[in-house]
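This report concerns only the one structure given below.
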Amino acid sequence: MEYITARRKRKKRFKVWKELEEEINAHGESIAKCKHCSVELSAHRDRGTSHLKRHIDSCVKRHLGLMHEDDSDGDNFVFDMNELRNC
Ligand SMILES: [Zn+2]
């Protein structure tokens, strides 16, 4: 396992790993645990991270968290929508 890591050293980690926790499951397999909703996804290094990225993009808990961050903007947006509807 060590040599694989060394050979791929210059390959940077994908951004998804900022939002996922790499863990080993009961079967000794690498998994990626979503930091937002704690869902466990398979994380074989050789299989790429497209499915992980897909989860991050569609993670409901993550989106709720992001919405919560700019709460006031969201309220204003809803208000504007209602005004447009009345016109
Ligand atoms: Zn998630």
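Here's how to read the names in the structure tokens: chain A, B, ... by the order shown, residue numbers from 1 in each chain, ligand numbers from 1 in the order shown.
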
Using only C-alpha atoms and all ligand atoms, find each protein or nucleic acid residue lying at most 9 Å from ligand 1; present the set as a ChimeraX atom specification.
/A:19-20,33-40,55-62

Skip Glu23 (chain A) itself and residues of its chain fewer than 5 positions away, then list as a list in words all residues within 7 Å of it, counting only C-alpha atoms.
Ser30, Ile31, Ala32 and Lys33 of chain A

Between CA of Asn25 (chain A) and CA of His63 (chain A), measure the distance and give it in Å to one decimal.
26.2 Å
